[in-house]
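*Asks:* Pasting query_24.txt below, which is compact mmCIF, C-alpha atoms.
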# COMPACT_ATOMS: atom_id res chain seq x y z
CA MET K 1 -30.87 52.99 -50.48
CA ASN K 2 -30.88 50.41 -47.72
CA ALA K 3 -31.03 51.64 -44.13
CA ALA K 4 -29.48 48.46 -42.71
CA ASP K 5 -26.52 48.66 -45.08
CA THR K 6 -26.04 52.34 -44.33
CA GLY K 7 -26.10 51.82 -40.58
CA PHE K 8 -23.71 48.87 -40.88
CA ILE K 9 -21.18 50.92 -42.86
CA ILE K 10 -21.34 53.83 -40.42
CA ILE K 11 -20.65 51.46 -37.52
CA CYS K 12 -17.80 49.85 -39.45
CA ALA K 13 -16.32 53.28 -40.19
CA ALA K 14 -16.28 54.02 -36.45
CA LEU K 15 -14.60 50.66 -35.80
CA VAL K 16 -11.90 51.40 -38.37
CA LEU K 17 -11.29 54.80 -36.75
CA LEU K 18 -10.81 53.02 -33.41
CA MET K 19 -7.91 51.13 -34.96
CA THR K 20 -5.74 54.26 -35.10
CA PRO K 21 -5.76 54.80 -31.30
CA GLY K 22 -5.25 51.03 -31.03
CA LEU K 23 -2.17 51.31 -33.24
CA ALA K 24 -0.99 54.25 -31.10
CA PHE K 25 -1.09 52.15 -27.93
CA PHE K 26 0.47 49.16 -29.70
CA TYR K 27 3.40 51.24 -30.94
CA GLY K 28 3.59 53.17 -27.68
CA GLY K 29 4.02 50.03 -25.62
CA LEU K 30 6.59 48.51 -27.97
CA GLY K 31 8.93 51.50 -27.87
CA ARG K 32 11.09 52.96 -25.13
CA ARG K 33 9.52 54.99 -22.34
CA LYS K 34 11.36 58.19 -23.29
CA ASN K 35 9.58 58.06 -26.67
CA VAL K 36 6.15 56.72 -25.74
CA VAL K 37 4.35 60.09 -26.06
CA ASN K 38 5.93 60.60 -29.47
CA ASN K 39 5.09 57.05 -30.57
CA ILE K 40 1.45 57.56 -29.63
CA MET K 41 1.35 61.03 -31.16
CA THR K 42 2.64 59.75 -34.52
CA SER K 43 -0.62 57.83 -34.84
CA PHE K 44 -2.97 60.31 -33.18
CA PHE K 45 -2.07 63.27 -35.37
CA CYS K 46 -3.00 61.22 -38.45
CA VAL K 47 -6.63 61.42 -37.32
CA GLY K 48 -6.62 65.18 -37.82
CA VAL K 49 -4.45 65.27 -40.92
CA GLY K 50 -6.08 62.25 -42.56
CA ILE K 51 -9.66 63.44 -42.10
CA ALA K 52 -8.93 67.01 -43.17
CA MET K 53 -7.01 65.99 -46.29
CA TRP K 54 -9.59 63.37 -47.24
CA CYS K 55 -12.43 65.85 -47.11
CA ILE K 56 -10.49 68.54 -48.96
CA VAL K 57 -8.96 66.52 -51.78
CA GLY K 58 -8.33 62.88 -50.88
CA PHE K 59 -11.72 61.38 -51.69
CA SER K 60 -11.84 63.21 -54.99
CA LEU K 61 -8.39 62.03 -56.06
CA SER K 62 -9.09 58.47 -54.93
CA PHE K 63 -12.65 57.98 -56.21
CA GLY K 64 -13.23 60.76 -58.68
CA ALA K 65 -13.43 60.19 -62.43
CA ASP K 66 -10.51 58.10 -63.69
CA HIS K 67 -7.56 59.83 -65.33
CA GLY K 68 -5.15 57.49 -67.08
CA GLY K 69 -5.86 54.66 -64.67
CA VAL K 70 -3.69 56.40 -62.07
CA ILE K 71 -5.63 59.13 -60.27
CA GLY K 72 -9.12 60.55 -59.86
CA GLY K 73 -10.38 64.03 -60.65
CA PHE K 74 -11.31 67.15 -58.70
CA GLU K 75 -15.10 66.93 -58.84
CA TYR K 76 -15.44 66.14 -55.13
CA LEU K 77 -13.09 68.79 -53.71
CA PHE K 78 -14.19 69.73 -50.18
CA MET K 79 -16.75 66.92 -50.53
CA ASN K 80 -18.68 69.08 -52.95
CA GLY K 81 -21.64 67.17 -54.37
CA VAL K 82 -20.93 63.97 -52.44
CA GLU K 83 -24.20 64.09 -50.51
CA THR K 84 -26.28 64.25 -53.68
CA ALA K 85 -24.19 62.14 -56.07
CA GLU K 86 -25.10 58.58 -57.01
CA ASP K 87 -22.91 55.94 -55.37
CA THR K 88 -21.57 53.76 -58.16
CA PHE K 89 -19.26 51.89 -55.77
CA ALA K 90 -21.95 50.70 -53.35
CA PRO K 91 -25.46 51.43 -54.67
CA THR K 92 -27.32 50.50 -51.46
CA ILE K 93 -25.63 53.21 -49.34
CA PRO K 94 -25.17 56.97 -49.79
CA LEU K 95 -21.91 58.02 -51.43
CA LEU K 96 -21.14 60.04 -48.30
CA ALA K 97 -21.29 56.88 -46.17
CA PHE K 98 -18.88 55.19 -48.58
CA ALA K 99 -16.60 58.25 -48.43
CA LEU K 100 -16.59 58.25 -44.62
CA PHE K 101 -15.77 54.55 -44.48
CA GLN K 102 -12.88 54.96 -46.90
CA MET K 103 -11.71 58.03 -44.99
CA MET K 104 -10.77 55.89 -42.01
CA PHE K 105 -8.42 53.81 -44.18
CA ALA K 106 -6.70 57.01 -45.26
CA VAL K 107 -6.26 57.91 -41.57
CA ILE K 108 -4.56 54.73 -40.36
CA THR K 109 -2.37 53.92 -43.36
CA PRO K 110 0.28 56.66 -42.96
CA ALA K 111 0.27 56.05 -39.20
CA LEU K 112 1.57 52.53 -39.83
CA ILE K 113 4.77 53.95 -41.35
CA ALA K 114 5.83 55.56 -38.08
CA GLY K 115 6.55 52.19 -36.51
CA SER K 116 9.79 51.95 -38.47
CA ILE K 117 11.29 55.32 -37.52
CA VAL K 118 10.54 55.73 -33.80
CA GLY K 119 13.05 57.58 -31.70
CA ARG K 120 14.78 59.53 -34.46
CA MET K 121 12.49 61.50 -36.80
CA ARG K 122 11.50 65.12 -36.16
CA PHE K 123 7.78 65.44 -35.63
CA LYS K 124 7.60 68.45 -37.95
CA ALA K 125 9.27 66.43 -40.70
CA LEU K 126 6.94 63.47 -40.13
CA PHE K 127 3.91 65.77 -40.28
CA LEU K 128 5.00 67.17 -43.65
CA PHE K 129 5.94 63.71 -44.90
CA VAL K 130 2.49 62.29 -44.12
CA VAL K 131 0.82 65.15 -46.01
CA LEU K 132 2.97 64.60 -49.09
CA TRP K 133 2.89 60.80 -48.89
CA SER K 134 -0.90 60.77 -48.83
CA LEU K 135 -0.94 62.80 -52.04
CA VAL K 136 1.86 60.99 -53.84
CA VAL K 137 1.34 57.37 -52.72
CA TYR K 138 -1.91 56.64 -50.89
CA TYR K 139 -4.48 58.42 -53.07
CA PRO K 140 -3.07 57.11 -56.38
CA VAL K 141 -2.83 53.52 -55.09
CA ALA K 142 -6.34 53.71 -53.63
CA HIS K 143 -7.63 54.91 -56.98
CA MET K 144 -5.76 52.27 -58.95
CA VAL K 145 -7.09 49.47 -56.74
CA TRP K 146 -10.56 50.60 -55.63
CA GLY K 147 -11.41 53.63 -57.75
CA GLY K 148 -11.49 51.88 -61.11
CA GLY K 149 -7.83 52.49 -61.97
CA PHE K 150 -5.16 50.39 -63.60
CA LEU K 151 -4.70 47.67 -60.98
CA ALA K 152 -8.42 46.95 -60.96
CA GLN K 153 -8.47 46.96 -64.77
CA ILE K 154 -5.84 44.19 -65.00
CA GLY K 155 -7.98 41.97 -62.77
CA SER K 156 -6.05 42.11 -59.48
CA ILE K 157 -8.11 42.04 -56.28
CA ASP K 158 -7.69 43.58 -52.84
CA PHE K 159 -10.76 43.23 -50.64
CA ALA K 160 -9.82 45.50 -47.73
CA GLY K 161 -6.36 46.95 -48.21
CA GLY K 162 -3.49 44.55 -48.78
CA ASN K 163 -1.95 46.75 -51.47
CA VAL K 164 -3.60 50.02 -50.55
CA VAL K 165 -2.88 49.94 -46.82
CA HIS K 166 -0.27 47.39 -45.79
CA ILE K 167 2.12 46.99 -48.70
CA SER K 168 2.21 50.71 -49.46
CA SER K 169 2.86 51.68 -45.83
CA GLY K 170 5.13 48.73 -45.02
CA VAL K 171 7.44 49.27 -47.99
CA SER K 172 7.46 53.03 -47.36
CA ALA K 173 8.38 52.32 -43.75
CA LEU K 174 11.42 50.32 -44.86
CA VAL K 175 12.57 53.02 -47.27
CA LEU K 176 12.09 55.81 -44.74
CA CYS K 177 14.00 54.04 -41.97
CA GLN K 178 16.86 53.48 -44.40
CA LEU K 179 16.89 57.14 -45.38
CA LEU K 180 16.99 58.17 -41.71
CA GLY K 181 19.66 55.69 -40.70
CA ARG K 182 19.88 53.58 -37.58
CA ARG K 183 19.18 54.74 -34.05
CA GLU K 184 22.10 55.75 -31.88
CA SER K 185 23.98 52.71 -30.53
CA TYR K 186 21.65 50.44 -32.51
CA GLU K 187 24.10 47.55 -32.67
CA SER K 188 25.06 47.64 -28.98
CA MET K 189 21.84 48.77 -27.25
CA ASN K 190 19.19 46.29 -26.11
CA TYR K 191 15.91 47.89 -27.18
CA ARG K 192 13.29 46.23 -24.98
CA VAL K 193 9.51 46.55 -24.88
CA HIS K 194 8.75 48.95 -22.04
CA ASN K 195 5.02 48.34 -21.45
CA VAL K 196 3.65 44.91 -22.31
CA PRO K 197 0.05 45.55 -21.15
CA LEU K 198 -0.12 48.63 -23.40
CA VAL K 199 0.92 46.45 -26.35
CA ALA K 200 -1.86 43.98 -25.55
CA ILE K 201 -4.44 46.77 -25.20
CA GLY K 202 -3.40 48.15 -28.58
CA ALA K 203 -3.60 44.72 -30.20
CA ALA K 204 -7.05 44.16 -28.68
CA LEU K 205 -8.33 47.45 -30.11
CA LEU K 206 -6.84 46.62 -33.49
CA LEU K 207 -8.51 43.20 -33.42
CA PHE K 208 -11.87 44.72 -32.49
CA GLY K 209 -11.68 47.46 -35.10
CA TRP K 210 -10.39 45.14 -37.81
CA PHE K 211 -13.75 43.41 -38.07
CA GLY K 212 -15.14 46.72 -39.29
CA PHE K 213 -12.11 47.09 -41.55
CA ASN K 214 -12.66 43.75 -43.31
CA ALA K 215 -16.35 42.96 -42.93
CA GLY K 216 -17.27 46.55 -43.76
CA SER K 217 -15.42 46.26 -47.06
CA ALA K 218 -18.34 44.18 -48.31
CA LEU K 219 -20.11 47.58 -48.32
CA ALA K 220 -23.37 45.95 -47.24
CA ALA K 221 -24.76 43.93 -44.34
CA ASN K 222 -24.84 40.70 -46.32
CA GLU K 223 -23.44 37.17 -46.57
CA LEU K 224 -20.11 38.42 -47.92
CA ALA K 225 -19.64 40.61 -44.85
CA VAL K 226 -20.28 37.59 -42.64
CA HIS K 227 -17.75 35.57 -44.60
CA ALA K 228 -15.11 38.30 -44.35
CA PHE K 229 -15.77 38.54 -40.60
CA ALA K 230 -15.29 34.78 -40.16
CA ALA K 231 -12.14 34.66 -42.30
CA THR K 232 -10.69 37.55 -40.29
CA ALA K 233 -11.27 35.79 -36.97
CA ILE K 234 -9.84 32.50 -38.25
CA ALA K 235 -6.67 34.02 -39.69
CA ALA K 236 -6.02 36.08 -36.55
CA ALA K 237 -6.43 32.99 -34.37
CA ALA K 238 -4.20 30.83 -36.57
CA ALA K 239 -1.48 33.48 -36.71
CA GLU K 240 -1.56 34.00 -32.94
CA LEU K 241 -1.15 30.26 -32.30
CA SER K 242 1.59 30.06 -34.92
CA TRP K 243 3.62 32.87 -33.34
CA MET K 244 3.17 31.38 -29.87
CA LEU K 245 4.52 28.09 -31.20
CA LEU K 246 7.50 29.89 -32.70
CA ASP K 247 8.12 31.60 -29.35
CA VAL K 248 8.17 28.23 -27.60
CA LEU K 249 10.45 26.66 -30.21
CA THR K 250 12.95 29.54 -30.16
CA CYS K 251 12.75 30.89 -26.59
CA GLY K 252 11.12 28.09 -24.63
CA LYS K 253 8.13 30.18 -23.53
CA PRO K 254 5.15 31.89 -25.15
CA THR K 255 5.07 35.68 -24.74
CA LEU K 256 2.21 38.16 -24.60
CA VAL K 257 4.03 40.46 -27.01
CA GLY K 258 4.44 37.54 -29.41
CA ALA K 259 0.77 36.56 -29.17
CA SER K 260 -0.26 40.18 -29.75
CA THR K 261 2.08 40.46 -32.72
CA GLY K 262 0.75 37.21 -34.19
CA ILE K 263 -2.83 38.46 -34.01
CA VAL K 264 -1.90 41.64 -35.89
CA ILE K 265 0.00 39.67 -38.55
CA GLY K 266 -2.98 37.37 -39.07
CA LEU K 267 -5.21 40.39 -39.54
CA VAL K 268 -2.79 41.96 -42.01
CA SER K 269 -2.37 38.81 -44.08
CA ILE K 270 -6.08 38.05 -44.46
CA THR K 271 -7.04 41.64 -45.33
CA PRO K 272 -6.61 41.36 -49.13
CA GLY K 273 -8.42 38.03 -49.39
CA CYS K 274 -11.01 37.89 -46.60
CA GLY K 275 -13.87 38.41 -49.04
CA TYR K 276 -12.44 36.09 -51.69
CA VAL K 277 -10.91 32.97 -50.12
CA PRO K 278 -12.67 29.96 -48.53
CA LEU K 279 -12.62 29.77 -44.75
CA TRP K 280 -10.25 26.80 -44.76
CA ALA K 281 -7.73 28.93 -46.67
CA ALA K 282 -7.88 31.56 -43.91
CA PHE K 283 -6.25 29.01 -41.58
CA ILE K 284 -3.39 28.51 -44.03
CA ILE K 285 -2.93 32.22 -44.69
CA GLY K 286 -2.86 33.19 -41.01
CA PHE K 287 -0.70 30.32 -39.80
CA SER K 288 1.88 30.69 -42.57
CA ALA K 289 1.97 34.50 -42.31
CA SER K 290 3.36 34.38 -38.77
CA ILE K 291 6.12 32.03 -39.91
CA VAL K 292 7.07 34.27 -42.83
CA CYS K 293 6.97 37.47 -40.76
CA PHE K 294 8.84 35.85 -37.85
CA PHE K 295 11.61 34.96 -40.29
CA ALA K 296 11.59 38.50 -41.68
CA VAL K 297 11.97 40.22 -38.30
CA SER K 298 14.35 37.72 -36.71
CA VAL K 299 16.58 36.77 -39.64
CA ILE K 300 16.23 39.09 -42.64
CA LYS K 301 16.34 42.30 -40.57
CA LYS K 302 19.49 41.17 -38.78
CA ARG K 303 21.07 39.99 -42.01
CA PHE K 304 20.62 43.33 -43.80
CA GLY K 305 20.92 45.52 -40.71
CA TYR K 306 18.06 47.93 -41.36
CA ASP K 307 16.55 49.59 -38.28
CA ASP K 308 12.83 48.94 -38.70
CA ALA K 309 12.27 49.80 -35.04
CA LEU K 310 8.82 48.28 -34.43
CA ASP K 311 8.81 46.01 -37.48
CA ALA K 312 6.35 47.98 -39.57
CA PHE K 313 7.86 46.47 -42.72
CA GLY K 314 8.36 43.03 -41.21
CA CYS K 315 4.71 42.79 -40.14
CA HIS K 316 2.69 45.02 -42.46
CA GLY K 317 4.87 45.00 -45.56
CA ILE K 318 5.78 41.32 -45.54
CA GLY K 319 2.37 40.27 -44.17
CA GLY K 320 0.56 42.29 -46.83
CA ILE K 321 2.71 40.89 -49.63
CA TRP K 322 2.24 37.32 -48.38
CA GLY K 323 -1.51 37.80 -48.03
CA GLY K 324 -1.77 39.30 -51.51
CA ILE K 325 0.14 36.40 -53.05
CA LEU K 326 -1.97 33.77 -51.28
CA THR K 327 -5.12 35.61 -52.32
CA GLY K 328 -4.01 34.87 -55.88
CA VAL K 329 -3.66 31.23 -54.87
CA PHE K 330 -6.89 30.64 -52.92
CA ALA K 331 -9.44 33.17 -54.24
CA SER K 332 -12.61 31.49 -55.45
CA GLN K 333 -15.55 32.64 -57.53
CA GLY K 334 -17.62 30.37 -55.31
CA VAL K 335 -16.95 32.79 -52.45
CA ASN K 336 -17.21 35.98 -54.46
CA SER K 337 -18.58 35.87 -57.99
CA ALA K 338 -17.35 39.41 -58.68
CA ILE K 339 -13.76 38.28 -59.28
CA ARG K 340 -12.65 37.68 -62.86
CA TRP K 341 -10.74 34.43 -62.32
CA ASN K 342 -10.27 31.71 -59.74
CA GLY K 343 -6.98 31.43 -57.91
CA LEU K 344 -4.05 29.16 -58.68
CA ALA K 345 -5.29 26.44 -56.33
CA PHE K 346 -8.42 26.10 -58.47
CA GLY K 347 -6.58 25.69 -61.76
CA ASP K 348 -6.30 29.22 -63.15
CA TRP K 349 -3.01 31.15 -63.20
CA ARG K 350 -4.26 34.53 -64.45
CA LEU K 351 -5.33 35.95 -61.09
CA PHE K 352 -2.07 34.84 -59.50
CA VAL K 353 -0.08 36.73 -62.16
CA ALA K 354 -2.31 39.79 -61.78
CA GLN K 355 -1.65 39.75 -58.03
CA LEU K 356 2.11 39.61 -58.55
CA VAL K 357 1.96 42.50 -61.01
CA ALA K 358 -0.19 44.60 -58.66
CA ILE K 359 2.13 43.92 -55.72
CA ALA K 360 5.21 44.84 -57.79
CA ILE K 361 3.61 48.09 -58.98
CA THR K 362 2.53 49.01 -55.44
CA ILE K 363 6.06 48.37 -54.16
CA ALA K 364 7.54 50.53 -56.91
CA ILE K 365 5.15 53.40 -56.23
CA ALA K 366 5.87 53.19 -52.48
CA ILE K 367 9.64 53.24 -52.98
CA VAL K 368 9.74 56.10 -55.47
CA GLY K 369 7.03 58.08 -53.68
CA THR K 370 8.71 57.77 -50.30
CA VAL K 371 12.09 58.90 -51.63
CA VAL K 372 10.51 61.87 -53.39
CA CYS K 373 8.48 62.90 -50.34
CA ALA K 374 11.44 62.53 -47.97
CA ARG K 375 13.69 64.60 -50.24
CA LEU K 376 11.08 67.35 -50.51
CA VAL K 377 10.61 67.45 -46.75
CA GLY K 378 14.39 67.58 -46.34
CA LEU K 379 14.41 70.85 -48.26
CA VAL K 380 12.22 72.39 -45.56
CA CYS K 381 13.66 70.88 -42.39
CA PRO K 382 16.03 68.08 -41.34
CA LEU K 383 14.37 64.67 -41.19
CA ARG K 384 16.28 63.47 -38.15
CA VAL K 385 16.50 64.89 -34.66
CA SER K 386 19.85 65.93 -33.22
CA GLU K 387 22.01 63.44 -31.31
CA ARG K 388 21.17 65.23 -28.07
CA ASP K 389 17.43 65.12 -28.71
CA GLU K 390 17.66 61.43 -29.52
CA ARG K 391 19.48 60.74 -26.25
CA VAL K 392 17.02 62.80 -24.22
CA GLY K 393 14.07 61.24 -25.96
CA LEU K 394 11.48 62.59 -28.37
CA ASP K 395 8.83 63.02 -25.68
CA ILE K 396 10.72 65.96 -24.21
CA SER K 397 12.49 67.23 -27.32
CA GLN K 398 9.48 67.15 -29.66
CA HIS K 399 6.48 67.55 -27.35
CA GLY K 400 7.67 68.78 -23.95
CA GLU K 401 5.79 65.99 -22.17
CA ARG K 402 6.61 62.92 -20.12
CA ALA K 403 4.42 59.83 -20.19
CA TYR K 404 5.15 58.81 -16.60
CA PRO K 405 5.97 60.92 -13.53
CA ALA K 406 7.60 57.80 -12.08
CA PHE K 407 8.43 54.52 -13.75
CA ASN K 408 9.31 50.97 -12.87
CA GLY K 409 9.58 49.19 -16.18
CA LEU K 410 11.87 47.21 -18.39
CA ASP K 411 13.90 49.82 -20.23
CA ASP K 412 16.26 52.41 -18.76
Let's see the structure in the file written out as structure tokens.
*Replies:*
Amino acid sequence: MNAADTGFIIICAALVLLMTPGLAFFYGGLGRRKNVVNNIMTSFFCVGVGIAMWCIVGFSLSFGADHGGVIGGFEYLFMNGVETAEDTFAPTIPLLAFALFQMMFAVITPALIAGSIVGRMRFKALFLFVVLWSLVVYYPVAHMVWGGGFLAQIGSIDFAGGNVVHISSGVSALVLCQLLGRRESYESMNYRVHNVPLVAIGAALLLFGWFGFNAGSALAANELAVHAFAATAIAAAAAELSWMLLDVLTCGKPTLVGASTGIVIGLVSITPGCGYVPLWAAFIIGFSASIVCFFAVSVIKKRFGYDDALDAFGCHGIGGIWGGILTGVFASQGVNSAIRWNGLAFGDWRLFVAQLVAIAITIAIAIVGTVVCARLVGLVCPLRVSERDERVGLDISQHGERAYPAFNGLDD
């Protein structure tokens, strides 16, 4: 065991946990004021549910003994034996430290989904959906990618959660918002950001915590962690500048919401490859990701008419897919000798193909799993709030609280 590595991972776990409140503020500011409490709550409750489920069964299913390349076993139920077991995933830290670090990923991932369905899903239904989705989608994908399952066996790579976190949640967000249907008066109402400073605060917390997210995935305080840290910063910066440029080209002025969104997209896109790609590639990944995601939220969403309210799919789903693809292009054994093949840019096509296969399988699992979970929840309670509750706002109808006693903001 290495005390420095252990301390580093514990700190990184705390940073990743901070990202969930950061996401809550980011989503809260982006939505309407009558739903801000609900938007924040859809992230905050995942702290309780995610930690409890992870300790009861999640870690065991994700990192227990492999069964068919799809799911783990039950040997670590209620974290039984974790404190004394040998850590085969990161030998310089206790298995419990590894479990706690991974726990924070299981907390934030389902919270990302809520960005697509704000203003119209019953909180009770969302609560049940998150429980089922974690069991049906997150734990199997985590095992297949990081727990020695099928996607790892075919040679695909995902350093910190492109497939496991962003593609799974982003695609599920798209499916769930389609199942719920559009918000009332979606085509005629101007849905404006109600609290720009809150968006910036949320983005700042996400940026801060993301360094633990990515650098910590090296699972040691070493050169690879430093590289992942640097790649994360570079991609976030490039994506922010790219989105600001797009704002100027399309609207004539840079916006704080756009800069904040660009930072998050850069972080999403570099997540799968931050420990595999050269630093110069991080510039390309971040800069191009904002362009791709900007097109997705401004053109594709309008073209197909789906109501992804806060662009969870447009940012996390599309950004994660783009980052995973470019990881297959730019990954280098010179950066990380643990990978089986170099990327397409270095003359080998096998990793690129493995990345495409892994992305396709993750998308399929997310689609099928989300439909199944939503249908099961629908047997217990309606997914969508009533028309009256939607008009009143979910803060009052679902929580009996108001965010502001008085308000002078952008929305009505």
*Asks:* Show me, as a list of chain:residue names, the residues that have an atom within 9 Å of range 6-10 of chain K when counting only C-alpha atoms, minus same-chain residues fewer than 5 positions from it.
*Replies:* K:Met1, K:Leu15, K:Thr92, K:Ile93, K:Pro94, K:Ala97, K:Phe98, K:Leu100, K:Phe101, K:Gly212, K:Gly216, K:Ser217, K:Leu219, K:Ala220, K:Ala221
*Asks:* Which is closest to Trp243 in chain K among K:Tyr139, K:Phe294, K:Tyr276, K:Trp146, if we use only C-alpha atoms?
*Replies:*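 Closest to Trp243 in chain K, using only C-alpha atoms: K:Phe294.
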*Asks:* Rounded to one decimal place, report the CA of Arg182 in chain K-CA of Leu128 in chain K distance in Å.
*Replies:*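 Answer for the CA of Arg182 in chain K to CA of Leu128 in chain K separation: 21.0 Å.
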*Asks:* Extract, using only C-alpha atoms, all DNA, RNA and protein residues at most 8 Å from Ala99 in chain K, discarding same-chain residues fewer than 4 positions from it, and format them as a PyMOL selection string.
*Replies:* chain K and resi 59+95+103
*Asks:* Could you please determine the separation between CA of Phe123 in chain K and CA of Thr109 in chain K in Å, to one decimal place?
*Replies:*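 It comes out at 17.2 Å.
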*Asks:* May I have the residues within 9 Å of Ala403 in chain K as a list of chain:residue names, using only C-alpha atoms and disregarding those fewer than 3 positions away in the same chain?
*Replies:*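 Using only C-alpha atoms, the neighbours found are K:Arg33, K:Lys34, K:Asn35, K:Val36, K:Val37, K:Asp395, K:Ala406.
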*Asks:* Using only C-alpha atoms, which of K:Thr232, K:Ser269, K:Thr327, K:Asn38 sits nearest Val353 in chain K?
*Replies:*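 The shortest atom-to-atom distance to Val353 in chain K comes from K:Thr327.
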*Asks:* Given the choices K:Ser168, K:Asn2, K:Thr271, K:Ser116, which gets closest to Phe211 in chain K if the distance is worked out from all atoms listed in the file?
*Replies:*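 Among the listed residues, K:Thr271 lies closest to Phe211 in chain K.
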*Asks:* Might you pull out every residue within 10 Å of Gly314 in chain K, with all atoms listed in the file counted and same-chain residues fewer than 2 positions away left off, and present them as a PyMOL selection string?
*Replies:* chain K and resi 116+170-171+173-174+265+292-298+300-301+308-312+316-320
*Asks:* Grab the CA of Gly50 in chain K to CA of Ala114 in chain K distance for me, in Å with one decimal place.
*Replies:*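 Straight-line distance from CA of Gly50 in chain K to CA of Ala114 in chain K works out to 14.4 Å.
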*Asks:* Excluding Leu245 in chain K and any residue of its chain fewer than 5 positions from it, enumerate the residues within 12 Å of it, using all atoms listed in the file, and give them as a list in words.
*Replies:*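 Contacts, in chain order: Ala238, Ala239, Glu240, Thr250, Cys251, Gly252, Lys253, Pro254, Thr255, Gly258, Ala259, Gly262, Phe287, Ser288, Ser290, Ile291 and Phe294 of chain K.
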*Asks:* From the set K:Leu205, K:Ile157, K:Cys381, K:Leu376, which residue has the shortest atom-to-atom contact distance to Phe330 in chain K, counting all atoms listed in the file?
*Replies:*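 For Phe330 in chain K, the nearest of the candidates is K:Ile157.
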*Asks:* Which one is closest to Ser172 in chain K: K:Ile263, K:Ile285, K:Ala374, K:Ala13? Count all atoms listed in the file.
*Replies:*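 Between K:Ile263, K:Ile285, K:Ala374, K:Ala13, the residue approaching Ser172 in chain K most closely is K:Ala374.
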*Asks:* Could you check which of K:Ala125, K:Phe352, K:Ala233, K:Ala281 is closest to Leu379 in chain K, using only C-alpha atoms?
*Replies:*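 Smallest distance to Leu379 in chain K is found for K:Ala125.
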*Asks:* Please determine the residues with any atom at most 10 Å from (-10.0, 45.8, -35.4) (coordinates as given in the file, with only C-alpha atoms counting) and report them as a list in words.
*Replies:* Cys12, Leu15, Val16, Leu17, Leu18, Met19, Thr20, Gly22, Leu23, Gly202, Ala203, Ala204, Leu205, Leu206, Leu207, Phe208, Gly209, Trp210, Phe211, Gly212, Phe213, Asn214, Thr232, Val264 and Leu267 of chain K
*Asks:* Would you kindly identify which residues have an atom no farther than 8 Å from (-15.9, 36.6, -42.4), using all atoms listed in the file and the file's own coordinates, and write them out as a PyMOL selection string?
*Replies:* chain K and resi 214-215+224-233+274-275+279
*Asks:* Kindly write N, CA and C atoms of range 229-240 of chain K from the structure just given to a file, as a JSON list (two decimals), in the first residue's frame.
*Replies:*
[["chain", "number", "residue", "atom", "x", "y", "z"],
["K", 229, "PHE", "N", -4.70, 15.32, -15.73],
["K", 229, "PHE", "CA", -5.03, 16.65, -15.22],
["K", 229, "PHE", "C", -4.79, 17.70, -16.30],
["K", 230, "ALA", "N", -3.62, 17.65, -16.94],
["K", 230, "ALA", "CA", -3.27, 18.63, -17.97],
["K", 230, "ALA", "C", -4.21, 18.52, -19.18],
["K", 231, "ALA", "N", -4.49, 17.31, -19.62],
["K", 231, "ALA", "CA", -5.38, 17.12, -20.77],
["K", 231, "ALA", "C", -6.78, 17.65, -20.46],
["K", 232, "THR", "N", -7.22, 17.46, -19.24],
["K", 232, "THR", "CA", -8.54, 17.96, -18.82],
["K", 232, "THR", "C", -8.60, 19.48, -18.89],
["K", 233, "ALA", "N", -7.58, 20.13, -18.37],
["K", 233, "ALA", "CA", -7.54, 21.60, -18.40],
["K", 233, "ALA", "C", -7.51, 22.12, -19.83],
["K", 234, "ILE", "N", -6.71, 21.49, -20.67],
["K", 234, "ILE", "CA", -6.56, 21.95, -22.05],
["K", 234, "ILE", "C", -7.87, 21.80, -22.83],
["K", 235, "ALA", "N", -8.51, 20.65, -22.70],
["K", 235, "ALA", "CA", -9.75, 20.42, -23.44],
["K", 235, "ALA", "C", -10.85, 21.36, -22.98],
["K", 236, "ALA", "N", -10.94, 21.60, -21.67],
["K", 236, "ALA", "CA", -11.95, 22.52, -21.15],
["K", 236, "ALA", "C", -11.73, 23.93, -21.68],
["K", 237, "ALA", "N", -10.47, 24.36, -21.71],
["K", 237, "ALA", "CA", -10.15, 25.69, -22.22],
["K", 237, "ALA", "C", -10.47, 25.81, -23.71],
["K", 238, "ALA", "N", -10.08, 24.81, -24.48],
["K", 238, "ALA", "CA", -10.32, 24.84, -25.92],
["K", 238, "ALA", "C", -11.81, 24.85, -26.23],
["K", 239, "ALA", "N", -12.58, 24.05, -25.49],
["K", 239, "ALA", "CA", -14.02, 23.98, -25.73],
["K", 239, "ALA", "C", -14.71, 25.28, -25.33],
["K", 240, "GLU", "N", -14.26, 25.90, -24.24],
["K", 240, "GLU", "CA", -14.84, 27.18, -23.84],
["K", 240, "GLU", "C", -14.61, 28.23, -24.93]]
